[in-house]
file target33.csv (CSV, C-alpha atoms and all ligand atoms)
chain,number,residue,atom,x,y,z
A,1016,ARG,CA,9.5,-13.0,-36.5
A,1017,PRO,CA,12.9,-12.6,-34.9
A,1018,GLU,CA,13.4,-9.9,-32.4
A,1019,TRP,CA,16.4,-8.4,-34.2
A,1020,ILE,CA,14.3,-7.6,-37.2
A,1021,GLN,CA,12.0,-5.6,-35.1
A,1022,GLN,CA,14.9,-3.8,-33.5
A,1023,PHE,CA,16.4,-3.1,-36.9
A,1024,TRP,CA,13.3,-1.5,-38.4
A,1025,THR,CA,12.6,0.5,-35.3
A,1026,SER,CA,16.1,2.0,-35.2
A,1027,LEU,CA,16.0,2.6,-39.0
A,1028,TYR,CA,12.7,4.4,-38.7
A,1029,ARG,CA,14.0,6.6,-35.9
A,1030,GLN,CA,17.0,7.6,-37.9
A,1031,ALA,CA,14.8,8.3,-40.9
A,1032,SER,CA,12.5,10.5,-38.9
A,1033,GLN,CA,15.4,12.5,-37.5
A,1034,ASN,CA,17.2,12.8,-40.8
A,1035,GLN,CA,14.1,13.4,-42.9
A,1036,LEU,CA,14.7,10.2,-44.9
A,1037,PRO,CA,11.9,8.3,-46.6
A,1038,ARG,CA,10.1,5.7,-44.5
A,1039,PRO,CA,11.1,2.1,-44.6
A,1040,PRO,CA,9.1,-0.2,-46.9
A,1041,GLN,CA,5.8,-1.3,-45.6
A,1042,ARG,CA,5.2,-4.9,-44.6
A,1043,PRO,CA,2.0,-6.5,-45.7
A,1044,ILE,CA,1.1,-8.3,-42.5
A,1045,PRO,CA,1.8,-6.5,-39.3
A,1046,ARG,CA,1.9,-8.0,-35.8
A,1047,ILE,CA,-0.8,-6.6,-33.7
A,1048,GLU,CA,-0.4,-6.5,-30.0
A,1049,GLU,CA,-2.8,-5.3,-27.4
A,1050,PRO,CA,-1.1,-2.9,-24.9
A,1051,LYS,CA,-1.4,-4.1,-21.3
A,1052,PRO,CA,-2.2,-1.4,-18.8
A,1053,GLU,CA,0.2,-2.6,-16.2
A,1054,ASP,CA,3.0,-2.8,-18.8
A,1055,ASP,CA,2.2,0.7,-19.9
A,1056,GLN,CA,2.5,2.0,-16.4
A,1057,VAL,CA,5.8,0.2,-15.8
A,1058,ASN,CA,7.2,1.5,-19.1
A,1059,LYS,CA,6.2,5.0,-18.3
A,1060,LYS,CA,7.9,5.0,-15.0
A,1061,GLU,CA,11.1,3.5,-16.5
A,1062,LYS,CA,11.1,6.1,-19.2
A,1063,GLU,CA,10.8,8.9,-16.8
A,1064,LYS,CA,13.6,7.5,-14.8
A,1065,LYS,CA,15.9,7.3,-17.8
A,1066,ARG,CA,15.1,10.8,-18.9
A,1067,ILE,CA,16.2,12.1,-15.6
A,1068,SER,CA,19.3,10.1,-15.3
A,1069,THR,CA,20.6,9.8,-18.8
A,1070,PRO,CA,20.9,12.1,-21.8
A,1071,GLU,CA,18.7,11.2,-24.7
A,1072,LYS,CA,21.3,11.0,-27.5
A,1073,VAL,CA,23.8,8.9,-25.7
A,1074,VAL,CA,21.8,5.8,-24.8
A,1075,SER,CA,18.8,4.6,-26.7
A,1076,PRO,CA,16.5,2.2,-25.0
A,1077,PRO,CA,15.8,-1.2,-26.6
A,1078,PRO,CA,13.2,-0.8,-29.4
A,1079,PRO,CA,9.7,-1.5,-28.1
A,1080,PRO,CA,7.2,-3.6,-30.0
A,1081,VAL,CA,4.9,-2.1,-32.5
A,1082,VAL,CA,1.6,-1.2,-31.0
A,1083,ILE,CA,-1.4,-0.6,-33.1
A,1084,GLN,CA,-4.6,0.3,-31.4
A,1085,GLU,CA,-8.0,-0.9,-32.3
A,1086,ASN,CA,-9.1,2.3,-33.9
A,1087,GLY,CA,-6.3,2.2,-36.3
A,1088,ILE,CA,-4.2,4.9,-34.7
A,1089,THR,CA,-0.6,3.8,-34.5
A,1090,ASP,CA,1.3,4.9,-31.4
A,1091,ASN,CA,4.2,7.0,-32.4
A,1092,PRO,CA,6.9,7.9,-30.0
A,1093,ASP,CA,7.6,11.1,-31.8
A,1094,SER,CA,4.0,12.4,-31.8
A,1095,PRO,CA,2.9,14.9,-29.1
A,1096,ARG,CA,0.2,12.5,-28.0
A,1097,GLU,CA,2.7,9.8,-27.4
A,1098,GLU,CA,4.9,12.1,-25.4
A,1099,GLN,CA,2.1,12.2,-22.8
A,1100,THR,CA,1.4,8.5,-22.7
A,1101,THR,CA,3.7,5.7,-23.9
A,1102,PRO,CA,6.8,6.9,-25.5
A,1103,LYS,CA,8.2,3.5,-26.2
A,1104,ALA,CA,5.7,2.7,-28.9
A,1105,SER,CA,6.8,3.3,-32.4
A,1106,ALA,CA,5.0,3.2,-35.6
A,1107,ALA,CA,6.7,1.0,-38.1
A,1108,ILE,CA,3.7,0.3,-40.3
A,1109,PRO,CA,0.8,2.6,-41.2
A,1110,SER,CA,-2.5,1.3,-40.2
A,1111,ASP,CA,-3.9,1.5,-43.8
A,1112,SER,CA,-1.4,-1.1,-44.9
A,1113,VAL,CA,-3.3,-3.9,-43.2
A,1114,PRO,CA,-4.8,-6.1,-46.0
A,1115,ALA,CA,-8.4,-6.9,-45.7
A,1116,PHE,CA,-10.6,-9.6,-47.3
A,1117,THR,CA,-14.0,-9.0,-48.7
A,1118,LEU,CA,-16.6,-11.7,-49.2
A,1119,SER,CA,-18.9,-10.7,-51.9
A,1120,VAL,CA,-20.9,-12.9,-54.2
A,1121,PRO,CA,-20.8,-11.7,-57.8
A,1122,GLU,CA,-24.3,-11.2,-59.1
A,1123,LEU,CA,-25.3,-13.3,-62.0
A,1124,PRO,CA,-26.5,-11.1,-64.8
A,1125,GLN,CA,-29.0,-13.6,-66.3
A,1126,GLN,CA,-30.6,-14.7,-63.1
A,1127,PRO,CA,-33.9,-12.9,-62.5
A,1128,LYS,CA,-33.9,-11.0,-59.3
A,1129,VAL,CA,-36.7,-11.6,-56.9
A,1130,GLU,CA,-37.8,-8.9,-54.5
A,1131,GLU,CA,-38.8,-10.6,-51.3
A,1132,GLU,CA,-39.7,-7.8,-49.0
A,1133,GLU,CA,-42.0,-5.7,-51.1
A,1134,PRO,CA,-45.6,-7.0,-50.9
A,1135,THR,CA,-47.6,-5.7,-53.7
A,1136,PRO,CA,-51.3,-4.6,-53.5
A,1137,ALA,CA,-52.3,-7.6,-55.6
A,1138,VAL,CA,-51.2,-9.9,-52.8
A,1139,THR,CA,-52.5,-8.0,-49.8
A,1140,SER,CA,-55.8,-6.8,-51.3
A,1141,SER,CA,-58.5,-9.4,-51.8
A,1142,THR,CA,-60.7,-7.0,-53.7
A,1143,SER,CA,-58.3,-6.2,-56.4
A,1144,THR,CA,-59.3,-7.2,-59.9
A,1145,SER,CA,-56.1,-6.5,-61.5
A,1146,THR,CA,-54.6,-9.7,-62.9
A,1147,SER,CA,-51.8,-8.1,-64.8
A,1148,THR,CA,-50.0,-7.2,-61.6
A,1149,SER,CA,-47.4,-9.8,-60.9
A,1150,THR,CA,-46.7,-11.1,-57.5
A,1151,PRO,CA,-43.0,-11.8,-57.3
A,1152,SER,CA,-42.9,-12.4,-53.6
A,1153,MET,CA,-45.2,-15.5,-53.9
A,1154,MET,CA,-43.5,-17.0,-56.9
A,1155,MET,CA,-40.5,-19.2,-57.4
A,1156,PRO,CA,-37.9,-17.9,-59.7
A,1157,PRO,CA,-37.9,-19.6,-63.1
A,1158,PRO,CA,-35.2,-22.3,-63.6
A,1159,PRO,CA,-32.2,-21.2,-65.6
A,1160,VAL,CA,-32.5,-21.9,-69.3
A,1161,PRO,CA,-30.0,-24.5,-70.5
A,1162,ALA,CA,-27.6,-23.2,-72.9
A,1163,ARG,CA,-27.7,-26.0,-75.4
A,1164,GLY,CA,-29.2,-29.5,-75.7
A,1165,GLY,CA,-32.4,-28.9,-73.7
A,1166,LEU,CA,-33.4,-30.2,-70.3
A,1167,SER,CA,-33.0,-33.9,-71.0
A,1168,ALA,CA,-29.4,-33.5,-72.1
A,1169,ASN,CA,-28.7,-31.4,-69.0
A,1170,LEU,CA,-30.0,-34.1,-66.7
A,1171,LEU,CA,-28.4,-37.1,-68.4
A,1172,ARG,CA,-25.0,-35.6,-68.5
A,1173,GLN,CA,-23.3,-36.0,-65.1
A,1174,PRO,CA,-20.1,-34.1,-64.1
A,1175,GLY,CA,-17.0,-36.1,-64.8
A,1176,THR,CA,-18.6,-38.6,-67.2
A,1177,SER,CA,-19.2,-36.4,-70.2
A,1178,THR,CA,-15.7,-36.0,-71.4
A,1179,LEU,CA,-14.0,-39.2,-70.1
A,1180,PRO,CA,-16.0,-42.3,-70.8
A,1181,LEU,CA,-15.5,-45.2,-68.5
A,1182,PRO,CA,-14.0,-48.5,-69.9
A,1183,GLY,CA,-17.0,-50.6,-69.2
A,1184,GLY,CA,-19.7,-48.0,-68.7
A,1185,GLY,CA,-19.9,-48.7,-65.0
A,1186,PRO,CA,-20.3,-46.1,-62.3
A,1187,LEU,CA,-16.9,-46.6,-60.8
A,1188,PRO,CA,-13.6,-46.1,-62.4
A,1189,ASN,CA,-11.5,-49.2,-63.1
A,1190,ARG,CA,-8.0,-48.6,-61.9
A,1191,SER,CA,-6.5,-51.9,-62.8
A,1192,SER,CA,-4.7,-52.8,-66.0
A,1193,GLY,CA,-6.9,-55.7,-66.8
A,1194,GLY,CA,-10.0,-53.8,-67.9
A,1195,GLY,CA,-13.4,-55.0,-67.1
A,1196,SER,CA,-17.0,-54.3,-67.7
A,1197,GLY,CA,-18.7,-54.3,-64.2
A,1198,PRO,CA,-18.8,-51.8,-61.4
A,1199,LEU,CA,-16.5,-53.9,-59.3
A,1200,PRO,CA,-12.8,-53.5,-59.5
A,1201,ASN,CA,-10.9,-55.9,-61.7
A,1202,ARG,CA,-7.7,-56.9,-60.1
A,1203,GLY,CA,-5.8,-58.0,-63.1
A,1204,PRO,CA,-2.0,-58.4,-63.4
A,1205,GLY,CA,-0.3,-55.3,-62.1
A,1206,GLY,CA,-3.5,-54.1,-60.5
A,1207,GLY,CA,-2.2,-54.5,-56.9
A,1208,GLY,CA,-1.6,-50.9,-56.3
A,1209,GLY,CA,-5.2,-49.7,-56.6
A,1210,LEU,CA,-7.4,-48.3,-54.0
A,1211,PHE,CA,-9.3,-51.5,-53.4
A,1212,PRO,CA,-8.6,-53.9,-50.6
A,1213,PRO,CA,-6.9,-57.2,-51.4
A,1214,PRO,CA,-9.1,-60.2,-52.1
A,1215,THR,CA,-10.3,-62.2,-49.2
A,1216,HIS,CA,-11.9,-65.6,-48.8
A,1217,SER,CA,-15.2,-64.2,-49.9
A,1218,THR,CA,-13.9,-63.8,-53.4
A,1219,LYS,CA,-13.2,-67.5,-53.7
A,1220,PRO,CA,-15.8,-69.5,-55.6
A,1221,ALA,CA,-18.0,-71.6,-53.2
A,1222,LYS,CA,-17.6,-75.3,-53.3
A,1223,PRO,CA,-20.3,-77.1,-55.3
A,1224,SER,CA,-22.8,-78.8,-53.0
A,1225,ARG,CA,-22.5,-82.5,-52.7
A,1226,ALA,CA,-25.9,-82.9,-51.2
A,1227,VAL,CA,-28.2,-85.5,-52.8
A,1228,VAL,CA,-31.9,-85.5,-53.5
A,1229,LEU,CA,-33.5,-87.4,-50.7
A,1230,THR,CA,-36.4,-89.8,-51.5
A,1231,PRO,CA,-39.9,-88.7,-50.3
A,1232,GLY,CA,-40.5,-89.2,-46.6
A,1233,HIS,CA,-36.7,-89.0,-45.8
A,1234,SER,CA,-36.3,-85.3,-45.2
A,1235,PRO,CA,-34.5,-84.0,-42.1
A,1236,LEU,CA,-37.9,-83.3,-40.6
A,1237,ASP,CA,-38.9,-86.9,-41.1
A,1238,TRP,CA,-35.8,-88.1,-39.4
A,1239,ALA,CA,-36.4,-85.8,-36.5
A,1240,ARG,CA,-39.9,-87.1,-36.2
A,1241,LEU,CA,-38.8,-90.7,-36.3
A,1242,SER,CA,-35.7,-90.5,-34.1
A,1243,GLY,CA,-37.1,-87.9,-31.7
A,1244,HIS,CA,-39.8,-90.0,-30.3
A,1245,PRO,CA,-39.1,-91.0,-26.6
A,1246,THR,CA,-39.7,-94.7,-27.3
A,1247,ALA,CA,-37.7,-94.8,-30.5
A,1248,ASP,CA,-35.1,-97.6,-30.6
A,1249,LEU,CA,-33.0,-97.5,-33.7
A,1250,ARG,CA,-30.0,-99.4,-32.3
A,1251,GLY,CA,-30.7,-102.6,-34.2
A,1252,LEU,CA,-30.2,-104.7,-31.0
A,1253,PRO,CA,-32.6,-106.9,-29.1
A,1254,LYS,CA,-34.9,-104.8,-26.9
A,1255,GLY,CA,-33.5,-104.1,-23.5
A,1256,THR,CA,-29.9,-104.6,-24.6
A,1257,PRO,CA,-27.7,-102.4,-22.5
A,1258,TYR,CA,-25.0,-100.2,-24.0
A,1259,LEU,CA,-22.1,-102.2,-25.3
A,1260,ARG,CA,-18.3,-101.9,-25.1
A,1261,VAL,CA,-17.3,-102.2,-28.7
A,1262,THR,CA,-13.8,-103.2,-29.5
A,1263,PRO,CA,-12.1,-102.3,-32.9
A,1264,SER,CA,-12.2,-106.0,-34.0
A,1265,MET,CA,-16.0,-106.0,-33.6
A,1266,LEU,CA,-16.4,-102.5,-35.0
A,1267,LYS,CA,-14.7,-103.3,-38.3
A,1268,LYS,CA,-17.3,-106.1,-39.0
A,1269,MET,CA,-20.2,-103.7,-38.9
A,1270,THR,CA,-19.8,-102.0,-42.3
A,1271,GLY,CA,-23.3,-102.3,-43.5
A,1272,ARG,CA,-22.5,-105.1,-45.8
A,1273,LYS,CA,-23.3,-108.9,-45.7
A,1274,GLY,CA,-26.5,-108.3,-44.0
A,1275,LYS,CA,-25.0,-106.5,-41.0
A,1276,ASP,CA,-25.7,-103.0,-39.8
A,1277,ALA,CA,-23.3,-100.1,-40.2
A,1278,TRP,CA,-21.7,-98.8,-37.0
A,1279,MET,CA,-19.7,-95.7,-36.7
A,1280,VAL,CA,-17.6,-94.2,-33.9
A,1281,LEU,CA,-18.2,-90.5,-33.3
A,1282,GLY,CA,-16.6,-88.9,-30.3
A,1283,GLY,CA,-15.9,-92.2,-28.6
A,1284,ARG,CA,-19.5,-93.4,-29.0
A,1285,VAL,CA,-20.7,-96.1,-31.3
A,1286,TYR,CA,-23.8,-95.4,-33.4
A,1287,ASN,CA,-25.8,-97.6,-35.6
A,1288,ILE,CA,-26.1,-95.4,-38.7
A,1289,THR,CA,-28.1,-97.9,-40.7
A,1290,PRO,CA,-31.5,-96.4,-40.2
A,1291,TYR,CA,-30.1,-92.9,-41.0
A,1292,ILE,CA,-28.7,-93.9,-44.4
A,1293,PRO,CA,-31.8,-92.9,-46.5
A,1294,PHE,CA,-32.0,-89.6,-44.5
A,1295,HIS,CA,-28.4,-88.5,-44.9
A,1296,PRO,CA,-28.3,-85.4,-47.1
A,1297,GLY,CA,-24.9,-86.3,-48.3
A,1298,GLY,CA,-26.0,-89.6,-49.6
A,1299,GLU,CA,-25.5,-93.3,-48.7
A,1300,LEU,CA,-22.0,-93.6,-50.2
A,1301,GLU,CA,-20.7,-90.6,-48.3
A,1302,LEU,CA,-22.2,-91.8,-45.0
A,1303,LEU,CA,-20.8,-95.3,-45.4
A,1304,LYS,CA,-17.3,-94.0,-45.7
A,1305,GLY,CA,-17.3,-93.9,-42.0
A,1306,ALA,CA,-19.0,-97.2,-41.4
A,1307,GLY,CA,-17.0,-99.8,-39.4
A,1308,ARG,CA,-14.5,-97.3,-38.2
A,1309,ASP,CA,-14.0,-94.1,-36.3
A,1310,GLY,CA,-15.5,-91.3,-38.5
A,1311,THR,CA,-15.0,-88.5,-36.1
A,1312,LYS,CA,-12.3,-86.8,-38.1
A,1313,LEU,CA,-14.1,-87.3,-41.4
A,1314,PHE,CA,-17.3,-86.0,-40.0
A,1315,GLY,CA,-15.7,-82.9,-38.6
A,1316,GLU,CA,-14.0,-82.1,-41.9
A,1317,ILE,CA,-17.3,-82.0,-43.7
A,1318,HIS,CA,-19.9,-80.6,-41.4
A,1319,PRO,CA,-18.6,-79.9,-37.8
A,1320,TRP,CA,-21.8,-77.9,-37.2
A,1321,VAL,CA,-24.0,-81.0,-37.4
A,1322,ASN,CA,-25.3,-82.1,-34.0
A,1323,TYR,CA,-24.8,-85.8,-34.4
A,1324,GLU,CA,-25.3,-86.5,-30.7
A,1325,GLY,CA,-28.9,-85.2,-30.8
A,1326,MET,CA,-29.7,-86.7,-34.2
A,1327,LEU,CA,-28.3,-90.1,-33.4
A,1328,ALA,CA,-29.4,-90.4,-29.8
A,1329,ALA,CA,-31.8,-93.2,-30.6
A,1330,CYS,CA,-29.0,-95.1,-32.6
A,1331,LEU,CA,-26.5,-95.3,-29.7
A,1332,VAL,CA,-25.0,-98.8,-29.4
A,1333,GLY,CA,-22.4,-98.2,-26.8
A,1334,ILE,CA,-18.9,-96.9,-26.4
A,1335,SER,CA,-15.7,-97.6,-28.2
A,1336,VAL,CA,-13.0,-99.4,-26.1
A,1337,SER,CA,-9.7,-100.9,-26.9
A,1338,GLU,CA,-9.2,-104.6,-27.4
A,1339,GLU,CA,-7.6,-105.0,-24.0
A,1340,ASP,CA,-10.5,-103.3,-22.2
A,1341,GLY,CA,-12.9,-105.5,-24.2
A,1342,GLU,CA,-11.1,-108.7,-23.3
A,1343,ALA,CA,-10.9,-107.7,-19.6
A,1344,ALA,CA,-14.6,-106.9,-19.6
A,1345,LEU,CA,-15.4,-110.2,-21.2
A,1346,ALA,CA,-13.4,-112.2,-18.7
A,1347,ALA,CA,-15.0,-110.4,-15.8
A,1348,ALA,CA,-18.4,-111.2,-17.2
A,1349,LYS,CA,-17.6,-114.9,-17.5
A,1350,ASN,CA,-16.2,-115.1,-14.0
A,1351,ALA,CA,-19.4,-113.5,-12.7
A,1352,GLY,CA,-21.4,-116.1,-14.4
A,1353,GLY,CA,-22.9,-114.0,-17.0
A,1354,GLY,CA,-23.0,-115.2,-20.6
A,1355,GLY,CA,-20.9,-112.9,-22.7
A,1356,GLY,CA,-22.2,-111.0,-25.6
A,1357,GLY,CA,-20.0,-112.9,-28.0
A,1358,GLY,CA,-16.5,-112.1,-29.0
A,1359,SER,CA,-15.2,-108.7,-28.1
A,1360,MET,CA,-18.5,-107.0,-27.8
A,1361,GLU,CA,-19.4,-106.7,-24.1
A,1362,GLU,CA,-22.3,-105.3,-22.3
A,1363,MET,CA,-21.8,-102.4,-20.0
A,1364,ASP,CA,-22.8,-102.3,-16.3
B,1,LIG,C1,-18.3,-89.6,-41.6
B,1,LIG,C2,-19.3,-90.0,-42.5
B,1,LIG,C3,-20.0,-88.9,-43.2
B,1,LIG,C4,-19.7,-88.3,-44.4
B,1,LIG,C5,-18.5,-88.7,-45.2
B,1,LIG,C6,-20.7,-87.3,-44.7
B,1,LIG,C7,-20.7,-86.6,-45.8
B,1,LIG,C8,-21.6,-85.6,-46.1
B,1,LIG,C9,-21.7,-84.8,-47.2
B,1,LIG,C10,-20.7,-84.9,-48.4
B,1,LIG,C11,-22.7,-84.0,-47.1
B,1,LIG,C12,-23.1,-83.0,-48.2
B,1,LIG,C13,-22.5,-81.7,-47.9
B,1,LIG,C14,-22.9,-80.6,-48.9
B,1,LIG,O1,-24.1,-80.1,-48.7
B,1,LIG,O2,-22.2,-80.3,-49.7
B,1,LIG,C15,-23.3,-84.2,-45.9
B,1,LIG,C16,-24.3,-83.5,-45.4
B,1,LIG,C17,-24.9,-83.7,-44.2
B,1,LIG,N1,-24.6,-84.8,-43.4
B,1,LIG,FE1,-23.1,-86.0,-43.5
B,1,LIG,N2,-21.6,-87.3,-43.7
B,1,LIG,C18,-21.2,-88.2,-42.8
B,1,LIG,C19,-21.8,-88.6,-41.6
B,1,LIG,C20,-23.0,-87.9,-41.2
B,1,LIG,C21,-23.7,-88.3,-40.0
B,1,LIG,C22,-23.3,-89.4,-39.0
B,1,LIG,C23,-24.7,-87.5,-39.9
B,1,LIG,C24,-25.7,-87.4,-38.8
B,1,LIG,C25,-25.5,-87.3,-37.6
B,1,LIG,C26,-24.6,-86.6,-41.0
B,1,LIG,C27,-25.5,-85.5,-41.2
B,1,LIG,C28,-25.4,-84.7,-42.3
B,1,LIG,C29,-26.3,-83.5,-42.4
B,1,LIG,C30,-27.3,-83.0,-41.5
B,1,LIG,C31,-25.9,-82.9,-43.6
B,1,LIG,C32,-26.5,-81.7,-44.2
B,1,LIG,C33,-25.6,-80.6,-43.7
B,1,LIG,C34,-26.0,-79.3,-44.3
B,1,LIG,O3,-26.7,-79.2,-45.3
B,1,LIG,O4,-25.5,-78.3,-43.7
B,1,LIG,N3,-23.6,-86.9,-41.8
B,1,LIG,N4,-22.6,-85.2,-45.3

call {"tool": "encode", "arguments": {"input": "target33.csv", "output": "structure tokens", "more": "lines below"}}
Ligand code: HEM
result
Amino acid sequence: RPEWIQQFWTSLYRQASQNQLPRPPQRPIPRIEEPKPEDDQVNKKEKEKKRISTPEKVVSPPPPPVVIQENGITDNPDSPREEQTTPKASAAIPSDSVPAFTLSVPELPQQPKVEEEEPTPAVTSSTSTSTSTSTPSMMMPPPPVPARGGLSANLLRQPGTSTLPLPGGGPLPNRSSGGGSGPLPNRGPGGGGGLFPPPTHSTKPAKPSRAVVLTPGHSPLDWARLSGHPTADLRGLPKGTPYLRVTPSMLKKMTGRKGKDAWMVLGGRVYNITPYIPFHPGGELELLKGAGRDGTKLFGEIHPWVNYEGMLAACLVGISVSEEDGEAALAAAKNAGGGGGGGSMEEMD
């Protein structure tokens, strides 16, 4: 509240009290300020000084703030009591104008009232034979009687669902324009402004599985048992053959056809995938897509989580090298007197 309003009402009230005019209108919410003792002393001294030095009607001091004490008595500068204490305080609002709130629960007329603090003789006395005496302190109040429809109708009808039936009977309201019958929101055309989050990848339909039915004895566990043995050798090479340097020209011949094994490059290593064909969950045709070539990219696009290194450890033929590296290795082996492995496939040291 601005200060000038306070000054206006205070001066108006002083004039009214001097001229016997009616009081200014009451304000509903007064400002309550606690008087500070030190301020009170200072104001008293200043007031006494001014009384001695200046005449009263010539100079009027600035209007003080309204002070209402805790007991409801409003300090009035014109009252005799105020003459003795704090003359600057003025009463602009009577204390009885302060609004007050009352919290009271209206008593329901049809609810039976239960007296809780009056034990009856029937409760305290064990020898009493009176059965007609009721014991209200030990009993629950009876449930309120439904107005119409009985108890079942009262339980089945839920708030908010009795007057406005849902479009599909679901528990949640459908805010889209496309309708729907389930509890989940239907984001039809124009339904983008609803309260539901936008669709994510989880709403896309899952891809149909391309896994095949494996023949008996060719489960992943069977392959693990077969290839995991320490002495397992599934390379398709003569026993004791060291790891080979495989060039692209040799690799492309190993496609699994014409009686040859199927080799595949995965991560720079060459594997003989022939023994794995009946164990492949994706089927023979899928697996042979990478035969005779580098299947690293294709493999990663379908199942990057598959640990091919561990599964095909017993099928490792060698490493994939370029034609130049293969030729150089072959020439070096011939110069050393070793018989080459034939063509561009060369044994590693
Ligand atoms: C690049 C050639 C390959 C192709 C095209 C291929 C293709 C597939 C396909 C289509 C599936 C079925 C996915 C599905 O369930 O829908 C599959 C499953 C599988 N493939 Fe291959 N695969 C290849 C190489 C391999 C290799 C070399 C291995 C072994 C190291 C292998 C191991 C598996 C395994 C374990 C599964 C089952 C994966 C799972 O169910 O999570 N695949 N493959």

call {"tool": "closest_residue", "arguments": {"input": "target33.csv", "among": "A:Val1332, A:Ser1234, A:Phe1294, A:Arg1308", "to": "A:Lys1267", "atoms": "all atoms listed in the file"}}
result
A:Arg1308

call {"tool": "residues_near_ligand", "arguments": {"input": "target33.csv", "ligand": "ligand LIG 1 (chain B)", "cutoff": "8 Å", "atoms": "all atoms listed in the file", "output": "PyMOL selection string"}}
result
chain A and resi 1222-1227+1235+1279+1281+1288+1291+1295-1298+1300-1306+1310-1315+1317-1318+1320-1327

call {"tool": "atom_distance", "arguments": {"input": "target33.csv", "atom1": "atom CA of A:Tyr1028", "atom2": "atom CA of A:Val1113"}}
result
18.6 Å

call {"tool": "atom_distance", "arguments": {"input": "target33.csv", "atom1": "atom CA of A:Glu1316", "atom2": "atom CA of A:Glu1299"}}
result
17.4 Å

call {"tool": "atom_distance", "arguments": {"input": "target33.csv", "atom1": "atom CA of A:Val1261", "atom2": "atom CA of A:Asp1248"}}
result
18.5 Å

call {"tool": "residues_around", "arguments": {"input": "target33.csv", "residues": "A:Ile1334", "least_positions_apart": "3", "cutoff": "7 Å", "atoms": "all atoms listed in the file", "output": "MDAnalysis selection string"}}
result
chainID A and resid 1259:1261 1283:1285

call {"tool": "closest_residue", "arguments": {"input": "target33.csv", "among": "A:Gln1022, A:Pro1293, A:Lys1275, A:Gln1030", "to": "A:Val1228", "atoms": "all atoms listed in the file"}}
result
A:Pro1293
